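Text of my_file.tsv (TSV, C-alpha atoms) as supplied:
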```
chain	number	residue	atom	x	y	z
A	1	MET	CA	-7.36	16.53	-9.54
A	2	ARG	CA	-9.37	13.84	-7.80
A	3	GLU	CA	-8.77	13.39	-4.07
A	4	ILE	CA	-9.28	9.92	-2.63
A	5	VAL	CA	-9.37	9.69	1.17
A	6	ILE	CA	-8.89	6.47	3.12
A	7	ASP	CA	-11.53	6.83	5.81
A	8	ALA	CA	-12.13	3.92	8.18
A	9	PRO	CA	-12.08	2.98	11.86
A	10	GLY	CA	-8.84	1.96	13.53
A	11	LYS	CA	-6.69	4.73	12.02
A	12	ASN	CA	-7.99	4.00	8.51
A	13	ALA	CA	-7.38	0.26	8.77
A	14	ILE	CA	-7.63	-1.58	5.47
A	15	SER	CA	-10.77	-3.69	5.28
A	16	THR	CA	-12.82	-5.21	2.48
A	17	GLU	CA	-14.92	-2.04	2.54
A	18	VAL	CA	-11.82	0.15	2.18
A	19	LEU	CA	-10.54	-1.91	-0.75
A	20	GLU	CA	-13.94	-1.75	-2.46
A	21	GLY	CA	-14.05	2.01	-1.91
A	22	LEU	CA	-10.56	2.47	-3.34
A	23	GLU	CA	-11.43	0.47	-6.44
A	24	ARG	CA	-14.69	2.38	-6.90
A	25	ASP	CA	-13.01	5.75	-6.47
A	26	LEU	CA	-10.23	4.91	-8.93
A	27	ASN	CA	-12.73	3.73	-11.53
A	28	GLU	CA	-14.80	6.88	-11.05
A	29	ALA	CA	-11.68	9.06	-11.36
A	30	ALA	CA	-11.44	7.73	-14.92
A	31	GLY	CA	-7.96	8.98	-15.70
A	32	GLU	CA	-7.94	12.17	-13.63
A	33	PRO	CA	-4.78	12.79	-11.58
A	34	VAL	CA	-5.26	11.36	-8.07
A	35	LEU	CA	-4.13	12.61	-4.67
A	36	LEU	CA	-4.44	9.79	-2.13
A	37	THR	CA	-4.40	10.50	1.59
A	38	GLY	CA	-5.86	9.37	4.91
A	39	LYS	CA	-8.51	10.98	7.05
A	40	GLY	CA	-7.46	12.60	10.31
A	41	ASP	CA	-3.96	12.06	11.65
A	42	ALA	CA	-3.15	8.76	9.93
A	43	PHE	CA	-2.65	7.55	6.39
A	44	SER	CA	-3.42	3.92	7.28
A	45	ALA	CA	-2.31	1.82	10.23
A	46	GLY	CA	-2.47	-1.42	8.22
A	47	LEU	CA	-4.94	-4.24	7.81
A	48	ASN	CA	-8.15	-4.32	9.81
A	49	LEU	CA	-7.22	-7.01	12.32
A	50	GLU	CA	-10.80	-7.40	13.56
A	51	GLU	CA	-11.83	-8.48	10.08
A	52	VAL	CA	-8.73	-10.62	9.50
A	53	ALA	CA	-9.32	-12.44	12.81
A	54	GLY	CA	-12.79	-13.48	11.64
A	55	PHE	CA	-11.73	-15.07	8.36
A	56	ASP	CA	-11.47	-18.78	7.79
A	57	ARG	CA	-8.82	-20.01	5.33
A	58	ALA	CA	-11.01	-19.41	2.26
A	59	GLY	CA	-12.06	-15.96	3.44
A	60	LEU	CA	-8.47	-14.98	4.15
A	61	ASP	CA	-7.34	-16.16	0.73
A	62	ALA	CA	-10.13	-14.13	-0.90
A	63	PHE	CA	-9.18	-11.04	1.12
A	64	LEU	CA	-5.50	-11.27	0.13
A	65	ALA	CA	-6.53	-11.72	-3.50
A	66	HIS	CA	-8.70	-8.60	-3.16
A	67	LEU	CA	-5.75	-6.68	-1.69
A	68	ASP	CA	-3.63	-7.74	-4.67
A	69	ARG	CA	-6.30	-6.58	-7.14
A	70	ALA	CA	-6.82	-3.20	-5.50
A	71	CYS	CA	-3.09	-2.55	-5.28
A	72	ALA	CA	-2.62	-3.53	-8.92
A	73	LEU	CA	-5.41	-1.16	-9.96
A	74	LEU	CA	-3.76	1.74	-8.11
A	75	PHE	CA	-0.24	0.86	-9.27
A	76	ASP	CA	-1.31	0.57	-12.93
A	77	TYR	CA	-3.60	3.62	-12.91
A	78	PRO	CA	-2.56	5.45	-16.10
A	79	ALA	CA	-2.66	9.03	-14.79
A	80	PRO	CA	-0.40	10.55	-12.11
A	81	THR	CA	-0.96	9.39	-8.53
A	82	VAL	CA	0.60	11.07	-5.51
A	83	ALA	CA	0.24	9.90	-1.91
A	84	TRP	CA	0.07	12.60	0.76
A	85	VAL	CA	1.21	10.46	3.69
A	86	ASN	CA	-0.21	12.61	6.46
A	87	GLY	CA	0.38	10.18	9.33
A	88	HIS	CA	1.20	6.58	10.24
A	89	ALA	CA	1.54	4.22	7.25
A	90	ILE	CA	2.18	0.79	8.70
A	91	ALA	CA	2.36	-2.53	6.84
A	92	GLY	CA	-0.56	-2.41	4.39
A	93	GLY	CA	-0.64	1.36	4.81
A	94	SER	CA	2.88	1.67	3.42
A	95	VAL	CA	1.95	-0.82	0.70
A	96	ILE	CA	-0.92	1.39	-0.48
A	97	ALA	CA	1.36	4.44	-0.47
A	98	LEU	CA	4.01	2.56	-2.47
A	99	CYS	CA	1.43	1.83	-5.15
A	100	CYS	CA	1.41	5.57	-5.97
A	101	ASP	CA	3.83	7.17	-8.41
A	102	HIS	CA	5.16	9.64	-5.85
A	103	ARG	CA	4.94	9.82	-2.07
A	104	VAL	CA	5.23	12.94	0.07
A	105	GLY	CA	5.28	12.43	3.83
A	106	ALA	CA	4.65	14.85	6.67
A	107	ASP	CA	7.87	15.72	8.49
A	108	ASN	CA	6.48	14.55	11.82
A	109	PRO	CA	8.96	12.61	14.00
A	110	LYS	CA	6.08	10.86	15.79
A	111	MET	CA	4.92	9.28	12.53
A	112	LYS	CA	5.80	5.62	11.86
A	113	LEU	CA	6.09	3.99	8.45
A	114	GLY	CA	7.33	0.59	7.34
A	115	LEU	CA	6.63	-2.93	6.19
A	116	ASN	CA	6.70	-5.12	9.30
A	117	GLU	CA	4.93	-8.13	7.82
A	118	THR	CA	7.96	-10.42	8.22
A	119	ALA	CA	8.24	-9.45	11.90
A	120	LEU	CA	4.56	-10.33	12.32
A	121	GLY	CA	5.20	-13.76	10.83
A	122	VAL	CA	3.40	-13.45	7.49
A	123	THR	CA	4.45	-13.12	3.86
A	124	PHE	CA	3.28	-10.59	1.28
A	125	PRO	CA	0.52	-11.40	-1.21
A	126	PRO	CA	2.22	-12.10	-4.56
A	127	ILE	CA	1.34	-8.96	-6.51
A	128	VAL	CA	1.88	-6.74	-3.48
A	129	PHE	CA	5.33	-8.33	-3.12
A	130	ARG	CA	6.19	-7.57	-6.76
A	131	ILE	CA	4.98	-3.96	-6.47
A	132	VAL	CA	6.98	-3.30	-3.29
A	133	ARG	CA	10.15	-4.91	-4.69
A	134	HIS	CA	9.81	-2.84	-7.88
A	135	ARG	CA	9.34	0.40	-5.95
A	136	LEU	CA	12.17	-0.10	-3.46
A	137	GLY	CA	14.64	-1.73	-5.84
A	138	GLU	CA	17.02	-4.61	-5.31
A	139	ARG	CA	19.25	-2.66	-2.90
A	140	LEU	CA	16.63	-1.35	-0.46
A	141	ALA	CA	13.89	-4.00	-0.65
A	142	PRO	CA	15.78	-6.52	1.54
A	143	GLU	CA	16.51	-3.89	4.20
A	144	VAL	CA	12.88	-2.79	4.35
A	145	MET	CA	11.12	-6.13	3.87
A	146	LEU	CA	13.46	-8.48	5.75
A	147	GLY	CA	14.48	-5.93	8.38
A	148	ALA	CA	10.74	-5.36	8.88
A	149	GLY	CA	11.22	-2.21	10.94
A	150	LEU	CA	9.06	0.82	11.53
A	151	PHE	CA	10.72	4.15	10.82
A	152	GLY	CA	10.32	7.86	11.26
A	153	PRO	CA	9.86	10.01	8.16
A	154	GLU	CA	13.54	10.79	7.55
A	155	GLU	CA	14.57	7.13	7.62
A	156	ALA	CA	11.52	6.18	5.52
A	157	HIS	CA	12.70	8.77	3.00
A	158	ARG	CA	16.21	7.29	2.94
A	159	LEU	CA	14.79	3.82	2.40
A	160	GLY	CA	12.53	4.87	-0.49
A	161	ILE	CA	9.20	4.42	1.25
A	162	LEU	CA	8.80	8.17	0.84
A	163	ASP	CA	10.10	10.23	-2.07
A	164	ALA	CA	10.00	13.55	-0.23
A	165	LEU	CA	9.13	15.20	3.07
A	166	GLY	CA	6.88	18.22	3.03
A	167	THR	CA	3.34	19.47	3.28
A	168	ARG	CA	0.05	18.72	1.62
A	169	GLU	CA	0.76	21.71	-0.65
A	170	ASP	CA	4.02	20.05	-1.72
A	171	ALA	CA	2.11	16.87	-2.56
A	172	GLU	CA	-0.42	18.84	-4.60
A	173	ALA	CA	2.39	20.66	-6.41
A	174	ALA	CA	4.07	17.35	-7.27
A	175	LEU	CA	0.78	16.07	-8.66
A	176	SER	CA	0.18	19.25	-10.66
A	177	HIS	CA	3.65	19.02	-12.16
A	178	ARG	CA	3.11	15.44	-13.34
A	179	ALA	CA	-0.39	16.28	-14.54
A	180	SER	CA	1.07	19.05	-16.74
A	181	HIS	CA	2.69	16.45	-18.99
A	182	PRO	CA	0.83	15.15	-22.07
A	183	VAL	CA	-1.60	12.50	-20.86
A	184	ASP	CA	-0.79	9.84	-23.45
A	185	ALA	CA	2.96	10.18	-23.00
A	186	TYR	CA	2.70	9.90	-19.23
A	187	ALA	CA	0.49	6.81	-19.42
A	188	ALA	CA	2.69	5.10	-22.02
A	189	THR	CA	5.94	5.80	-20.18
A	190	LYS	CA	4.45	4.64	-16.89
A	191	ALA	CA	3.24	1.42	-18.52
A	192	GLN	CA	6.72	0.75	-19.94
A	193	LEU	CA	8.43	1.41	-16.62
A	194	GLN	CA	6.06	-0.94	-14.79
A	195	ALA	CA	5.65	-3.59	-17.50
A	196	GLY	CA	5.19	-7.08	-16.10
A	197	VAL	CA	5.07	-6.13	-12.42
A	198	THR	CA	1.39	-6.94	-11.89
A	199	GLY	CA	1.10	-9.39	-14.75
A	200	LEU	CA	1.29	-12.53	-12.63
A	201	GLY	CA	-1.38	-14.95	-13.82
A	202	GLU	CA	-4.18	-15.90	-11.42
A	203	ALA	CA	-3.10	-19.54	-11.32
A	204	ALA	CA	0.43	-18.61	-10.24
A	205	ALA	CA	-0.86	-15.99	-7.78
A	206	ALA	CA	-3.29	-18.50	-6.26
A	207	GLN	CA	-0.48	-21.03	-5.82
A	208	ILE	CA	1.69	-18.49	-4.00
A	209	ARG	CA	-1.21	-17.41	-1.77
A	210	SER	CA	-1.96	-21.03	-0.97
A	211	ALA	CA	1.60	-21.56	0.22
A	212	ALA	CA	1.39	-18.35	2.26
A	213	MET	CA	-1.64	-19.66	4.17
A	214	VAL	CA	0.78	-21.60	6.36
A	215	GLN	CA	1.86	-18.31	7.91
A	216	TRP	CA	-1.44	-16.43	7.72
A	217	THR	CA	-3.41	-19.19	9.45
A	218	SER	CA	-0.74	-20.17	11.99
A	219	GLU	CA	-1.49	-20.14	15.69
A	220	THR	CA	1.46	-17.79	16.17
A	221	PHE	CA	-0.05	-15.15	13.88
A	222	ARG	CA	-3.51	-15.65	15.38
A	223	ALA	CA	-2.00	-15.09	18.83
A	224	ARG	CA	-0.33	-11.88	17.65
A	225	ILE	CA	-3.67	-10.63	16.31
A	226	ALA	CA	-5.39	-11.48	19.57
A	227	ALA	CA	-2.68	-9.67	21.53
A	228	ALA	CA	-2.99	-6.59	19.31
A	229	LEU	CA	-6.75	-6.60	19.82
A	230	GLY	CA	-6.34	-6.99	23.58
A	231	ARG	CA	-8.01	-10.38	23.75
```

With the file now loaded, output its structure as structure tokens.
Amino acid sequence: MREIVIDAPGKNAISTEVLEGLERDLNEAAGEPVLLTGKGDAFSAGLNLEEVAGFDRAGLDAFLAHLDRACALLFDYPAPTVAWVNGHAIAGGSVIALCCDHRVGADNPKMKLGLNETALGVTFPPIVFRIVRHRLGERLAPEVMLGAGLFGPEEAHRLGILDALGTREDAEAALSHRASHPVDAYAATKAQLQAGVTGLGEAAAAQIRSAAMVQWTSETFRARIAAALGR
């Protein structure tokens, strides 16, 4: 088993450095089963707003493309991946968890999980959108993505953000169980189940991101970032 820990300021906020680290760690894992978790008392509280606030349009487009690539790499990783969601997983934090094959969350009523991007006034990067819709399914995706709420663990479990509630030991046991299957069969079945989800061509992805810049660069979203940062 290879453990990958999201470790960053701001409750493990997702930055360029975090995405680069995730990609590096997955490449170094080289097909070993992966347990993904967050350092401390959070899984990830979402995007690093300090970094996002400093991007111009081109920088923001490049960052969202990077987020798409890192999520696709995790989603398509051929070996078993289990997320031990040890604390808050908000917006991009829940996205990263949903990229894993199986998600076990701590049964902590103070924990918040959810995809509140729509409430913040932005749309999902194209590959992230396809991954989340695939994971949640046609019935639950609208409730989670359009409702844009933040939920406690039990409700997140009902909505499919989490697959189970339990402990780190439960997450490790789930990973061990999946890792006990023949490697080639697991990888092939996973590839068939997920076929086409991340296969959006770069030209189409770039066109969707370009359209999304209307929301991501709006004064309304900038004001929300400033308010969140206390400016």

Checklist entry - When distances are computed from all atoms listed in the file, which of A:Ala58, A:Val5, A:Ala72, A:Ile208 shows the smallest separation from A:Lys39? => result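 Checking each of A:Ala58, A:Val5, A:Ala72, A:Ile208 against A:Lys39, counting all atoms listed in the file, the winner is A:Val5.
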
Next on the checklist: Report as a PyMOL selection string all protein, DNA and RNA residues lying within 12 Å of A:His134, evaluated on all atoms listed in the file, omitting residues in the same chain fewer than 5 positions from it.
Outcome noted: chain A and resi 75+95+98-99+101+127-129+139-142+160-161+193-198

Item to check | Nearest residue to A:Arg222 from the set A:Gly121, A:Gly137, A:Gly199, A:Gly93 (distances using all atoms listed in the file) | outcome: A:Gly121

Which residues are close to A:Leu60, i.e. within 10 Å by all atoms listed in the file, leaving aside same-chain residues fewer than 4 positions away? Reply as a short mmCIF file (atom, residue, chain, number, x, y, z; two decimals) with C-alpha atoms, in the frame of the given file.
```
data_model
loop_
_atom_site.label_atom_id
_atom_site.label_comp_id
_atom_site.auth_asym_id
_atom_site.auth_seq_id
_atom_site.Cartn_x
_atom_site.Cartn_y
_atom_site.Cartn_z
CA GLU A 51 -11.83 -8.48 10.08
CA VAL A 52 -8.73 -10.62 9.50
CA ALA A 53 -9.32 -12.44 12.81
CA GLY A 54 -12.79 -13.48 11.64
CA PHE A 55 -11.73 -15.07 8.36
CA ASP A 56 -11.47 -18.78 7.79
CA LEU A 64 -5.50 -11.27 0.13
CA ALA A 65 -6.53 -11.72 -3.50
CA HIS A 66 -8.70 -8.60 -3.16
CA ARG A 209 -1.21 -17.41 -1.77
CA MET A 213 -1.64 -19.66 4.17
CA TRP A 216 -1.44 -16.43 7.72
CA THR A 217 -3.41 -19.19 9.45
#
```

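Checking A:Thr37, A:Asn48, A:Asn108, A:Ser94 one by one against A:Arg135, counting all atoms listed in the file, you find the shortest gap at A:Ser94.
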
Checklist entry - Near stretch 111-119 of chain A, within 8 Å and counting only C-alpha atoms, which residues show up once chain neighbours fewer than 3 positions away are dropped, as a VMD selection string? => result chain A and resid 87 to 92 94 to 95 108 122 to 124 144 to 153 156 161

Next on the checklist: Report, in Å with one decimal, the straight-line distance from atom CA of A:Ser15 to atom CA of A:Ala191.
Outcome noted: 28.1 Å

Using all atoms listed in the file, what residues lie at most 10 Å away from (-6.7, 3.8, -8.7) (file coordinates), given as a CSV table (one decimal) with C-alpha atoms, in the frame of the given file?
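Result written to selection-v7.csv:
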```
chain,number,residue,atom,x,y,z
A,4,ILE,CA,-9.3,9.9,-2.6
A,22,LEU,CA,-10.6,2.5,-3.3
A,23,GLU,CA,-11.4,0.5,-6.4
A,24,ARG,CA,-14.7,2.4,-6.9
A,25,ASP,CA,-13.0,5.8,-6.5
A,26,LEU,CA,-10.2,4.9,-8.9
A,27,ASN,CA,-12.7,3.7,-11.5
A,28,GLU,CA,-14.8,6.9,-11.0
A,29,ALA,CA,-11.7,9.1,-11.4
A,30,ALA,CA,-11.4,7.7,-14.9
A,31,GLY,CA,-8.0,9.0,-15.7
A,32,GLU,CA,-7.9,12.2,-13.6
A,33,PRO,CA,-4.8,12.8,-11.6
A,34,VAL,CA,-5.3,11.4,-8.1
A,36,LEU,CA,-4.4,9.8,-2.1
A,70,ALA,CA,-6.8,-3.2,-5.5
A,71,CYS,CA,-3.1,-2.6,-5.3
A,72,ALA,CA,-2.6,-3.5,-8.9
A,73,LEU,CA,-5.4,-1.2,-10.0
A,74,LEU,CA,-3.8,1.7,-8.1
A,75,PHE,CA,-0.2,0.9,-9.3
A,76,ASP,CA,-1.3,0.6,-12.9
A,77,TYR,CA,-3.6,3.6,-12.9
A,78,PRO,CA,-2.6,5.4,-16.1
A,79,ALA,CA,-2.7,9.0,-14.8
A,80,PRO,CA,-0.4,10.6,-12.1
A,81,THR,CA,-1.0,9.4,-8.5
A,99,CYS,CA,1.4,1.8,-5.2
A,100,CYS,CA,1.4,5.6,-6.0
```

Item to check | Sphere at (5.5, 12.6, 4.7), radius 9 Å, counting only C-alpha atoms: residues as a list in words | outcome: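 In the file's frame, the residues around the point are Ala83, Trp84, Val85, Asn86, Gly87, Arg103, Val104, Gly105, Ala106, Asp107, Asn108, Met111, Pro153, Glu154, Ala156, His157, Leu162, Asp163, Ala164, Leu165, Gly166, Thr167 and Arg168 of chain A.
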
For the residues in the current selection, export C-alpha atoms as a PDB file, keeping the file's coordinate frame.
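Listed below is the output, again_7.pdb:
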```pdb
ATOM      1  CA  ALA A  83       0.240   9.900  -1.910  1.00  0.00           C
ATOM      2  CA  TRP A  84       0.070  12.600   0.760  1.00  0.00           C
ATOM      3  CA  VAL A  85       1.210  10.460   3.690  1.00  0.00           C
ATOM      4  CA  ASN A  86      -0.210  12.610   6.460  1.00  0.00           C
ATOM      5  CA  GLY A  87       0.380  10.180   9.330  1.00  0.00           C
ATOM      6  CA  ARG A 103       4.940   9.820  -2.070  1.00  0.00           C
ATOM      7  CA  VAL A 104       5.230  12.940   0.070  1.00  0.00           C
ATOM      8  CA  GLY A 105       5.280  12.430   3.830  1.00  0.00           C
ATOM      9  CA  ALA A 106       4.650  14.850   6.670  1.00  0.00           C
ATOM     10  CA  ASP A 107       7.870  15.720   8.490  1.00  0.00           C
ATOM     11  CA  ASN A 108       6.480  14.550  11.820  1.00  0.00           C
ATOM     12  CA  MET A 111       4.920   9.280  12.530  1.00  0.00           C
ATOM     13  CA  PRO A 153       9.860  10.010   8.160  1.00  0.00           C
ATOM     14  CA  GLU A 154      13.540  10.790   7.550  1.00  0.00           C
ATOM     15  CA  ALA A 156      11.520   6.180   5.520  1.00  0.00           C
ATOM     16  CA  HIS A 157      12.700   8.770   3.000  1.00  0.00           C
ATOM     17  CA  LEU A 162       8.800   8.170   0.840  1.00  0.00           C
ATOM     18  CA  ASP A 163      10.100  10.230  -2.070  1.00  0.00           C
ATOM     19  CA  ALA A 164      10.000  13.550  -0.230  1.00  0.00           C
ATOM     20  CA  LEU A 165       9.130  15.200   3.070  1.00  0.00           C
ATOM     21  CA  GLY A 166       6.880  18.220   3.030  1.00  0.00           C
ATOM     22  CA  THR A 167       3.340  19.470   3.280  1.00  0.00           C
ATOM     23  CA  ARG A 168       0.050  18.720   1.620  1.00  0.00           C
TER      24      ARG A 168
END
```

Checklist outcome for this item: Here atom CA of A:Leu120 and atom CA of A:Val214 stand apart by 13.3 Å

Checklist entry - Quick one, how far is atom CA of A:Phe221 from atom CA of A:Phe43? => result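 Separating atom CA of A:Phe221 from atom CA of A:Phe43 is a distance of 24.0 Å.
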